[in-house]
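Below is the file query_7.txt, which contains compact mmCIF, C-alpha atoms.
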```txt
# COMPACT_ATOMS: atom_id res chain seq x y z
CA MET H 800 0.00 0.00 0.00
CA ASN H 801 1.29 3.37 -1.01
CA LYS H 802 1.43 5.49 2.14
CA THR H 803 0.96 8.80 0.36
CA ARG H 804 -2.26 7.81 -1.42
CA LEU H 805 -5.71 8.20 0.03
CA ALA H 806 -8.16 5.34 0.00
CA ARG H 807 -11.44 5.72 -1.84
CA LEU H 808 -14.36 3.51 -2.72
CA GLY H 809 -13.18 0.09 -3.73
CA ASP H 810 -9.60 0.47 -2.51
CA THR H 811 -7.90 -2.06 -0.28
CA ILE H 812 -6.42 -0.69 2.92
CA ILE H 813 -4.44 -1.93 5.88
CA ALA H 814 -6.16 -1.22 9.16
CA SER H 815 -5.86 -2.04 12.80
CA VAL H 816 -8.86 -3.34 14.73
CA LYS H 817 -9.93 -0.84 17.35
CA GLU H 818 -13.19 -2.30 18.58
CA VAL H 819 -14.55 -5.81 18.59
CA VAL H 820 -18.15 -6.80 19.16
CA GLY H 821 -18.52 -10.27 20.62
CA ARG H 822 -16.10 -13.14 20.03
CA GLY H 823 -15.15 -12.96 16.41
CA LYS H 824 -12.42 -14.18 14.14
CA VAL H 825 -10.54 -10.96 14.65
CA LYS H 826 -9.08 -9.67 17.89
CA LYS H 827 -8.57 -6.14 19.04
CA GLY H 828 -5.25 -4.72 17.94
CA GLU H 829 -4.85 -6.98 14.94
CA VAL H 830 -3.58 -5.59 11.69
CA VAL H 831 -5.88 -6.58 8.85
CA TYR H 832 -6.50 -5.95 5.19
CA CYS H 833 -9.88 -4.57 4.28
CA VAL H 834 -11.66 -3.18 1.26
CA VAL H 835 -13.70 0.02 1.36
CA VAL H 836 -17.26 -0.80 0.33
CA ARG H 837 -19.05 2.43 1.25
CA ALA H 838 -17.69 5.95 1.48
CA ARG H 839 -19.25 9.33 2.07
CA MET H 840 -16.78 10.87 -0.32
CA PRO H 841 -18.37 10.90 -3.79
CA ARG H 842 -16.62 8.81 -6.36
CA ALA H 843 -16.91 9.37 -10.10
CA ARG H 844 -18.32 6.63 -12.24
CA SER H 845 -17.43 5.81 -15.82
CA ASP H 846 -20.74 7.19 -17.11
CA GLY H 847 -19.92 10.56 -15.57
CA SER H 848 -22.17 10.44 -12.54
CA GLU H 849 -21.04 10.37 -8.94
CA VAL H 850 -21.94 8.00 -6.14
CA ARG H 851 -22.11 8.81 -2.50
CA PHE H 852 -22.99 6.54 0.41
CA ASP H 853 -24.40 7.34 3.81
CA ASP H 854 -21.40 6.19 5.84
CA ASN H 855 -17.88 4.82 5.59
CA ALA H 856 -17.61 1.05 5.72
CA ALA H 857 -15.00 -1.60 4.99
CA VAL H 858 -15.00 -5.38 4.84
CA ILE H 859 -12.11 -7.29 6.35
CA ILE H 860 -10.53 -9.56 3.78
CA ASN H 861 -7.55 -11.86 3.59
CA LYS H 862 -4.66 -11.43 1.24
CA GLN H 863 -6.46 -13.29 -1.52
CA GLY H 864 -9.35 -10.86 -1.43
CA GLU H 865 -11.87 -13.16 0.22
CA PRO H 866 -13.83 -11.84 3.18
CA ILE H 867 -13.03 -13.28 6.58
CA GLY H 868 -16.57 -12.85 7.81
CA THR H 869 -19.68 -14.68 6.74
CA ARG H 870 -22.08 -11.79 6.30
CA ILE H 871 -21.93 -8.29 4.89
CA MET H 872 -24.38 -5.65 6.07
CA GLY H 873 -25.70 -2.89 3.90
CA PRO H 874 -25.09 -2.01 0.27
CA VAL H 875 -21.68 -2.23 -1.36
CA CYS H 876 -20.27 -0.36 -4.30
CA HIS H 877 -19.94 -1.50 -7.89
CA GLU H 878 -16.25 -0.74 -7.95
CA LEU H 879 -15.53 -4.11 -6.35
CA ARG H 880 -16.41 -5.85 -9.57
CA ARG H 881 -13.50 -4.24 -11.25
CA ARG H 882 -11.22 -5.32 -8.45
CA LYS H 883 -12.50 -8.88 -8.90
CA MET H 884 -13.80 -9.15 -5.33
CA VAL H 885 -16.44 -11.62 -6.35
CA LYS H 886 -16.96 -13.16 -2.93
CA VAL H 887 -17.63 -9.82 -1.29
CA LEU H 888 -20.17 -8.97 -3.98
CA SER H 889 -21.95 -12.28 -3.65
CA LEU H 890 -22.30 -11.91 0.10
CA ALA H 891 -23.61 -8.36 -0.14
CA GLU H 892 -27.32 -7.63 0.26
CA HIS H 893 -27.32 -4.99 -2.41
CA VAL H 894 -24.82 -3.73 -4.94
CA ALA H 895 -25.18 -0.06 -5.75
CA MET N 689 -27.60 3.72 -20.67
CA ARG N 690 -30.68 4.77 -18.81
CA LEU N 691 -32.30 8.15 -18.38
CA GLU N 692 -33.25 8.45 -14.75
CA LYS N 693 -35.57 10.91 -13.02
CA CYS N 694 -34.32 13.28 -10.38
CA TRP N 695 -35.77 12.30 -7.03
CA PHE N 696 -36.37 15.88 -6.05
CA CYS N 697 -37.53 17.79 -9.10
CA SER N 698 -38.44 14.87 -11.41
CA SER N 699 -36.46 16.12 -14.35
CA THR N 700 -34.50 13.68 -16.51
CA ILE N 701 -30.91 13.03 -15.58
CA TYR N 702 -28.76 12.62 -18.65
CA PRO N 703 -25.51 10.66 -18.53
CA GLY N 704 -22.68 12.65 -17.06
CA HIS N 705 -24.90 14.68 -14.80
CA GLY N 706 -25.84 14.56 -11.21
CA ILE N 707 -25.10 12.66 -8.06
CA GLN N 708 -26.40 9.33 -6.84
CA PHE N 709 -26.84 8.91 -3.11
CA VAL N 710 -27.13 5.39 -1.71
CA ARG N 711 -28.69 5.17 1.69
CA ASN N 712 -27.79 2.31 4.01
CA ASP N 713 -31.15 0.66 3.47
CA ALA N 714 -30.05 0.39 -0.19
CA LYS N 715 -32.48 3.04 -1.44
CA ILE N 716 -30.91 5.07 -4.23
CA PHE N 717 -31.67 8.77 -4.63
CA ARG N 718 -30.66 10.37 -7.89
CA PHE N 719 -30.33 14.11 -8.27
CA CYS N 720 -30.03 16.03 -11.49
CA ARG N 721 -27.96 18.87 -10.04
CA SER N 722 -26.55 20.14 -6.78
CA LYS N 723 -29.60 22.34 -6.23
CA CYS N 724 -31.77 19.27 -5.77
CA HIS N 725 -29.05 17.46 -3.83
CA LYS N 726 -28.69 20.35 -1.40
CA ASN N 727 -32.43 20.61 -0.91
CA PHE N 728 -32.49 16.91 -0.12
CA LYS N 729 -29.70 17.34 2.42
CA MET N 730 -31.77 20.10 4.03
CA LYS N 731 -34.45 17.44 4.44
CA ARG N 732 -36.95 19.37 2.37
CA ASN N 733 -40.01 17.55 1.17
CA PRO N 734 -40.32 17.94 -2.62
CA ARG N 735 -44.09 17.89 -2.28
CA LYS N 736 -43.84 21.18 -0.43
CA VAL N 737 -41.28 22.87 -2.61
CA LYS N 738 -43.08 24.87 -5.23
CA TRP N 739 -40.87 24.50 -8.27
CA THR N 740 -40.81 20.70 -8.26
CA LYS N 741 -43.05 18.55 -10.41
CA ALA N 742 -44.16 16.67 -7.31
CA TYR N 743 -45.66 19.86 -5.87
CA ARG N 744 -47.23 20.91 -9.15
CA LYS N 745 -48.88 17.58 -9.73
CA LEU N 746 -50.04 17.31 -6.16
CA HIS N 747 -51.62 20.76 -6.26
CA GLY N 748 -53.30 20.29 -9.63
CA LYS N 749 -51.11 22.75 -11.51
CA GLU N 750 -50.13 20.14 -14.05
CA LEU N 751 -51.58 17.13 -15.78
CA ASN N 752 -51.70 14.39 -13.20
CA LYS N 753 -53.47 11.26 -14.36
CA ASP N 754 -53.15 10.38 -17.97
CA ALA N 755 -52.72 7.22 -20.01
CA THR N 756 -49.51 8.58 -21.57
CA PHE N 757 -47.78 8.48 -18.20
CA GLU N 758 -48.39 4.79 -17.76
CA LEU N 759 -46.53 4.06 -20.98
CA GLU N 760 -43.34 5.41 -19.47
CA ARG N 761 -42.72 2.59 -17.05
CA ARG N 762 -39.44 1.21 -15.82
CA ARG N 763 -38.82 -2.13 -17.46
CA ASN N 764 -36.06 -4.20 -15.97
CA ARG N 765 -36.08 -7.10 -18.33
CA PRO N 766 -33.59 -6.70 -21.16
CA GLU N 767 -35.15 -7.23 -24.56
CA ARG N 768 -33.42 -9.06 -27.34
CA TYR N 769 -32.38 -6.58 -29.96
CA ASP N 770 -34.80 -6.47 -32.85
CA ARG N 771 -34.39 -3.67 -35.33
CA ASN N 772 -38.07 -3.38 -36.13
CA VAL N 773 -39.02 -3.28 -32.47
CA VAL N 774 -36.53 -0.52 -31.85
CA GLN N 775 -37.77 1.53 -34.81
CA ASN N 776 -41.39 1.15 -33.83
CA THR N 777 -40.61 2.00 -30.24
CA ILE N 778 -38.85 5.19 -31.24
CA LYS N 779 -41.75 6.22 -33.46
CA ALA N 780 -44.22 5.45 -30.70
CA MET N 781 -42.18 7.41 -28.18
CA LYS N 782 -42.24 10.50 -30.37
CA LYS N 783 -45.96 10.20 -30.97
CA ILE N 784 -46.70 9.72 -27.29
CA GLU N 785 -44.56 12.73 -26.46
CA GLU N 786 -46.59 14.84 -28.90
CA ILE N 787 -49.88 13.67 -27.47
CA ARG N 788 -48.74 14.26 -23.93
CA LEU N 789 -47.59 17.78 -24.68
CA LYS N 790 -50.90 18.60 -26.35
CA ARG N 791 -52.80 17.30 -23.38
CA GLU N 792 -50.64 19.28 -21.00
CA GLU N 793 -51.31 22.42 -23.04
CA LYS N 794 -55.06 21.82 -22.92
CA PHE N 795 -54.85 21.30 -19.19
CA TRP N 796 -53.02 24.59 -18.83
CA GLU N 797 -55.53 26.42 -21.01
CA SER N 798 -58.47 25.13 -19.05
CA ARG N 799 -56.72 26.27 -15.89
CA MET N 800 -56.16 29.77 -17.25
CA LYS N 801 -59.62 30.15 -18.74
CA VAL N 802 -61.97 32.83 -17.46
CA LYS N 803 -64.12 31.35 -14.75
CA LYS N 804 -67.91 31.59 -14.61
CA GLU N 805 -68.04 34.19 -11.81
CA ASN N 806 -65.79 36.46 -13.85
CA ARG N 807 -68.02 35.98 -16.90
CA ALA N 808 -70.95 37.58 -15.13
CA ASP N 809 -68.73 40.50 -14.21
CA LEU N 810 -67.57 40.89 -17.79
CA GLU N 811 -71.18 40.97 -18.97
CA GLU N 812 -72.01 43.66 -16.45
CA LEU N 813 -69.03 45.67 -17.61
CA LYS N 814 -70.14 45.44 -21.22
CA GLN N 815 -73.65 46.62 -20.43
CA ASN N 816 -72.63 49.49 -18.18
CA ILE N 817 -69.56 50.69 -20.04
CA HIS N 818 -71.20 54.11 -20.41
CA LEU N 819 -70.68 54.67 -16.71
CA VAL N 820 -66.98 54.14 -17.15
CA LYS N 821 -66.21 55.64 -20.53
CA ALA N 822 -68.34 57.90 -22.71
CA PRO N 823 -69.80 55.94 -25.65
CA VAL N 824 -68.81 58.79 -27.96
CA ALA N 825 -65.21 58.38 -26.86
CA LEU N 826 -65.38 54.65 -27.62
CA GLN N 827 -66.70 55.34 -31.10
CA GLU N 828 -64.18 58.06 -31.90
CA ASP N 829 -61.12 56.28 -30.63
CA PRO N 830 -61.20 52.61 -31.61
CA THR N 831 -58.21 51.81 -29.39
CA LEU N 832 -60.38 52.36 -26.35
CA THR N 833 -61.90 48.91 -26.27
CA LEU N 834 -63.26 46.71 -23.58
CA PRO N 835 -60.57 44.78 -21.75
CA LYS N 836 -60.50 41.16 -22.82
CA LYS N 837 -59.42 39.87 -19.48
CA LEU N 838 -61.01 41.15 -16.38
CA GLU N 839 -58.46 43.75 -15.32
CA LYS N 840 -58.85 46.21 -12.57
CA VAL N 841 -60.54 49.14 -14.27
CA LYS N 842 -59.78 52.41 -12.55
CA VAL N 843 -62.96 54.45 -12.41
CA LYS N 844 -62.64 58.17 -11.94
CA VAL N 845 -65.68 59.50 -10.23
CA GLU N 846 -65.98 63.23 -10.83
CA MET N 847 -67.76 65.13 -8.16
CA ARG N 848 -70.12 67.72 -9.64
CA GLN N 849 -69.43 71.10 -8.17
CA ALA N 850 -72.30 72.44 -6.08
CA GLY N 851 -71.94 75.94 -7.55
CA GLU N 852 -72.58 74.82 -11.13
CA THR N 853 -75.86 73.07 -10.41
CA HIS N 854 -77.21 76.07 -8.56
CA ALA N 855 -76.31 78.27 -11.50
CA MET N 856 -78.16 75.95 -13.91
CA GLU N 857 -81.27 75.91 -11.79
CA GLU N 858 -81.44 79.67 -11.73
```
Translate this file's structure into structure tokens.
Amino acid sequence: MNKTRLARLGDTIIASVKEVVGRGKVKKGEVVYCVVVRARMPRARSDGSEVRFDDNAAVIINKQGEPIGTRIMGPVCHELRRRKMVKVLSLAEHVA
Amino acid sequence: MRLEKCWFCSSTIYPGHGIQFVRNDAKIFRFCRSKCHKNFKMKRNPRKVKWTKAYRKLHGKELNKDATFELERRRNRPERYDRNVVQNTIKAMKKIEEIRLKREEKFWESRMKVKKENRADLEELKQNIHLVKAPVALQEDPTLTLPKKLEKVKVKVEMRQAGETHAMEE
């Protein structure tokens, strides 16, 4: 990951887990890879329009791009298709 | 490519324009320009904002229920490309557009027409025009005609001087 770049919709980032709810696969303080699926910052689409989501959200994935979790809440962005994150897209409720 | 409708003002959004907002319940709001987007962020209800189509249709300012509107439905099933179908569809779209515009014009005309209460007033004005303007003046100067629409006619009431009448009597 390039440290000087800023992550946008669809980018993969390295993050550290700050808060854990319940007993999950991930522990607090772990360093994980995740992909941004929703962002408040509008992102331009190829047809010229812009997309904006209601919040910022990311899905924790492993190095191969598959999600660690079993469920994904809320809509995800289309940009994942280009990044070939097929598993994330299939788990998502809605692809916007 | 799809032409969407702006959620706020109901105008068409052409490709390359506007912003799409996806809410967390997966409802998508499309806006044609930042004006509509900003109004949405202010939590304004388009049904209460006077320049939107939603307001105008709700308050009877524009054609509301018509068969031509039903023809413009959102169809999600992709059709197999057939040249004849496409040609006929384009022709039909143009025709329907024409018909819809004519109907909207008629609706507007009937809205702007003189109402029955005003008609009675116009009749009264025609009969008693001599109280307002001298009939000789109307004959001499053809530009002085009756107002077509019921405008506010300023009536100058001249008070007869008391001195003159006394003089006449004597």
*Distance atom CA of Val835 of chain H-atom CA of Thr811 of chain H, one decimal place?*
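Here the two named atoms are 6.4 Å from each other.
Closest approach to chain H among N:Ile701, N:Met689, N:Ala822, N:Ile707: N:Ile707, based on all atoms listed in the file.
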*Given the choices N:Thr777, N:Ser698, N:Thr756, N:Gln708, which gets closest to chain H if the distance is worked out from only C-alpha atoms?*
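Looking only at the distances to chain H, the closest residue turns out to be N:Gln708.
Taking atom CA of Ser845 of chain H as the reference point, atom CA of Glu878 of chain H is found at 10.3 Å.
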*Could you please tell me, as a PyMOL selection string, which residues of chain N have an atom within 7 Å of chain H when using only C-alpha atoms?*
chain N and resi 703-714
*Could you jot down the atom CA of Glu767 of chain N to atom CA of Leu890 of chain H separation for me, Å, one decimal place?*
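Separation of atom CA of Glu767 of chain N and atom CA of Leu890 of chain H: 28.2 Å.
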_Report as number ranges by chain all protein, DNA and RNA residues lying within 12 Å of Glu758 of chain N, evaluated on only C-alpha atoms, omitting residues in the same chain fewer than 5 positions from it._
N: 752-753, 763, 784, 788
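Shell of Ser798 of chain N at 12 Å, with all atoms listed in the file counted and residues fewer than 4 places along the chain excluded, is Gly748, Lys749, Glu750, Leu751, Arg791, Glu792, Glu793, Lys794, Val802 and Lys803 of chain N.
Comparing the minimum interatomic distances between Ala814 of chain H and each of H:Ala891, H:Thr869, H:Asn861, H:Glu829, counting all atoms listed in the file, we find that H:Glu829 sits nearest.
Each of H:Leu805, H:Ile867, H:Ala857, H:Val820 was checked against Leu879 of chain H using all atoms listed in the file; the smallest atom-to-atom distance is that of H:Ala857.
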*Quick one: of N:Phe717, N:Phe728, N:Phe757, N:Tyr769, who's nearest to Lys693 of chain N, counting all atoms listed in the file?*
N:Phe717
Would you give the centre and edge lengths, in Å to one decimal, of a box along x, y and z around the listed atoms of segment 802-811 of chain H, with 4 Å added to each side, as AutoDock Vina command-line options?
```
--center_x -6.5 --center_y 3.4 --center_z -0.8 --size_x 23.8 --size_y 18.9 --size_z 13.9
```
Dump all heavy atoms of segment 698-713 of chain N from the given block, as a CSV table (one decimal), in the first residue's frame.
```csv
chain,number,residue,atom,x,y,z
N,698,SER,N,-37.9,15.7,-10.4
N,698,SER,CA,-38.4,14.9,-11.4
N,698,SER,C,-38.0,15.2,-12.8
N,698,SER,O,-38.7,14.8,-13.8
N,698,SER,CB,-40.0,14.9,-11.4
N,698,SER,OG,-40.4,14.7,-10.1
N,699,SER,N,-36.9,15.9,-13.0
N,699,SER,CA,-36.5,16.1,-14.3
N,699,SER,C,-35.6,15.0,-14.7
N,699,SER,O,-35.1,14.2,-13.9
N,699,SER,CB,-35.7,17.4,-14.4
N,699,SER,OG,-34.6,17.4,-13.6
N,700,THR,N,-35.3,14.8,-16.1
N,700,THR,CA,-34.5,13.7,-16.5
N,700,THR,C,-33.0,14.0,-16.2
N,700,THR,O,-32.6,15.1,-16.4
N,700,THR,CB,-34.6,13.4,-18.0
N,700,THR,OG1,-35.1,14.6,-18.6
N,700,THR,CG2,-35.6,12.3,-18.3
N,701,ILE,N,-32.4,12.9,-15.8
N,701,ILE,CA,-30.9,13.0,-15.6
N,701,ILE,C,-30.2,12.4,-16.7
N,701,ILE,O,-30.3,11.1,-16.9
N,701,ILE,CB,-30.5,12.3,-14.3
N,701,ILE,CG1,-31.4,12.8,-13.1
N,701,ILE,CG2,-29.1,12.5,-14.0
N,701,ILE,CD1,-31.1,12.1,-11.8
N,702,TYR,N,-29.5,13.1,-17.5
N,702,TYR,CA,-28.8,12.6,-18.6
N,702,TYR,C,-27.4,12.1,-18.2
N,702,TYR,O,-26.9,12.5,-17.1
N,702,TYR,CB,-28.6,13.7,-19.7
N,702,TYR,CG,-29.9,13.9,-20.5
N,702,TYR,CD1,-30.9,14.8,-20.0
N,702,TYR,CD2,-30.2,13.1,-21.6
N,702,TYR,CE1,-32.1,14.9,-20.7
N,702,TYR,CE2,-31.4,13.3,-22.3
N,702,TYR,CZ,-32.3,14.2,-21.8
N,702,TYR,OH,-33.5,14.3,-22.5
N,703,PRO,N,-26.8,11.2,-19.0
N,703,PRO,CA,-25.5,10.7,-18.5
N,703,PRO,C,-24.5,11.7,-18.4
N,703,PRO,O,-24.4,12.6,-19.2
N,703,PRO,CB,-25.1,9.7,-19.6
N,703,PRO,CG,-26.1,9.8,-20.6
N,703,PRO,CD,-27.3,10.5,-20.2
N,704,GLY,N,-23.7,11.6,-17.3
N,704,GLY,CA,-22.7,12.7,-17.1
N,704,GLY,C,-23.1,13.7,-16.1
N,704,GLY,O,-22.4,14.6,-15.8
N,705,HIS,N,-24.4,13.6,-15.7
N,705,HIS,CA,-24.9,14.7,-14.8
N,705,HIS,C,-25.3,14.1,-13.5
N,705,HIS,O,-25.7,12.9,-13.4
N,705,HIS,CB,-26.1,15.3,-15.4
N,705,HIS,CG,-25.8,16.2,-16.6
N,705,HIS,ND1,-25.7,17.5,-16.5
N,705,HIS,CD2,-25.6,15.8,-17.9
N,705,HIS,CE1,-25.4,18.0,-17.7
N,705,HIS,NE2,-25.4,17.0,-18.6
N,706,GLY,N,-25.2,14.9,-12.4
N,706,GLY,CA,-25.8,14.6,-11.2
N,706,GLY,C,-25.1,13.6,-10.3
N,706,GLY,O,-24.0,13.1,-10.6
N,707,ILE,N,-25.7,13.5,-9.1
N,707,ILE,CA,-25.1,12.7,-8.1
N,707,ILE,C,-26.1,11.6,-7.6
N,707,ILE,O,-27.3,11.8,-7.6
N,707,ILE,CB,-24.7,13.5,-6.8
N,707,ILE,CG1,-23.5,14.4,-7.2
N,707,ILE,CG2,-24.4,12.7,-5.6
N,707,ILE,CD1,-22.9,15.1,-6.0
N,708,GLN,N,-25.6,10.4,-7.3
N,708,GLN,CA,-26.4,9.3,-6.8
N,708,GLN,C,-26.1,9.1,-5.4
N,708,GLN,O,-24.9,9.0,-5.0
N,708,GLN,CB,-25.9,8.1,-7.6
N,708,GLN,CG,-27.0,7.1,-8.0
N,708,GLN,CD,-26.3,6.0,-8.7
N,708,GLN,OE1,-25.3,5.4,-8.2
N,708,GLN,NE2,-26.8,5.7,-9.9
N,709,PHE,N,-27.1,9.1,-4.5
N,709,PHE,CA,-26.8,8.9,-3.1
N,709,PHE,C,-27.5,7.6,-2.7
N,709,PHE,O,-28.6,7.4,-2.9
N,709,PHE,CB,-27.4,10.1,-2.3
N,709,PHE,CG,-27.4,9.8,-0.8
N,709,PHE,CD1,-26.2,9.6,-0.2
N,709,PHE,CD2,-28.6,9.7,-0.1
N,709,PHE,CE1,-26.2,9.4,1.2
N,709,PHE,CE2,-28.6,9.5,1.2
N,709,PHE,CZ,-27.4,9.3,1.9
N,710,VAL,N,-26.6,6.7,-2.1
N,710,VAL,CA,-27.1,5.4,-1.7
N,710,VAL,C,-27.3,5.4,-0.2
N,710,VAL,O,-26.3,5.5,0.5
N,710,VAL,CB,-26.2,4.3,-2.2
N,710,VAL,CG1,-26.8,2.9,-1.8
N,710,VAL,CG2,-25.8,4.4,-3.6
N,711,ARG,N,-28.5,5.2,0.2
N,711,ARG,CA,-28.7,5.2,1.7
N,711,ARG,C,-28.4,3.8,2.2
N,711,ARG,O,-28.4,2.8,1.4
N,711,ARG,CB,-30.1,5.5,2.0
N,711,ARG,CG,-30.4,6.2,3.3
N,711,ARG,CD,-31.7,6.9,3.4
N,711,ARG,NE,-32.8,6.0,3.1
N,711,ARG,CZ,-34.0,6.5,3.1
N,711,ARG,NH1,-34.3,7.7,3.4
N,711,ARG,NH2,-35.0,5.7,2.8
N,712,ASN,N,-28.2,3.6,3.5
N,712,ASN,CA,-27.8,2.3,4.0
N,712,ASN,C,-28.9,1.3,3.9
N,712,ASN,O,-28.6,0.1,4.0
N,712,ASN,CB,-27.3,2.4,5.5
N,712,ASN,CG,-25.9,2.8,5.5
N,712,ASN,OD1,-25.2,2.9,4.5
N,712,ASN,ND2,-25.4,2.9,6.8
N,713,ASP,N,-30.1,1.7,3.7
N,713,ASP,CA,-31.2,0.7,3.5
N,713,ASP,C,-31.2,0.3,2.0
N,713,ASP,O,-32.2,-0.2,1.5
N,713,ASP,CB,-32.5,1.2,4.0
N,713,ASP,CG,-33.0,2.4,3.3
N,713,ASP,OD1,-32.2,3.0,2.5
N,713,ASP,OD2,-34.1,2.9,3.5
```
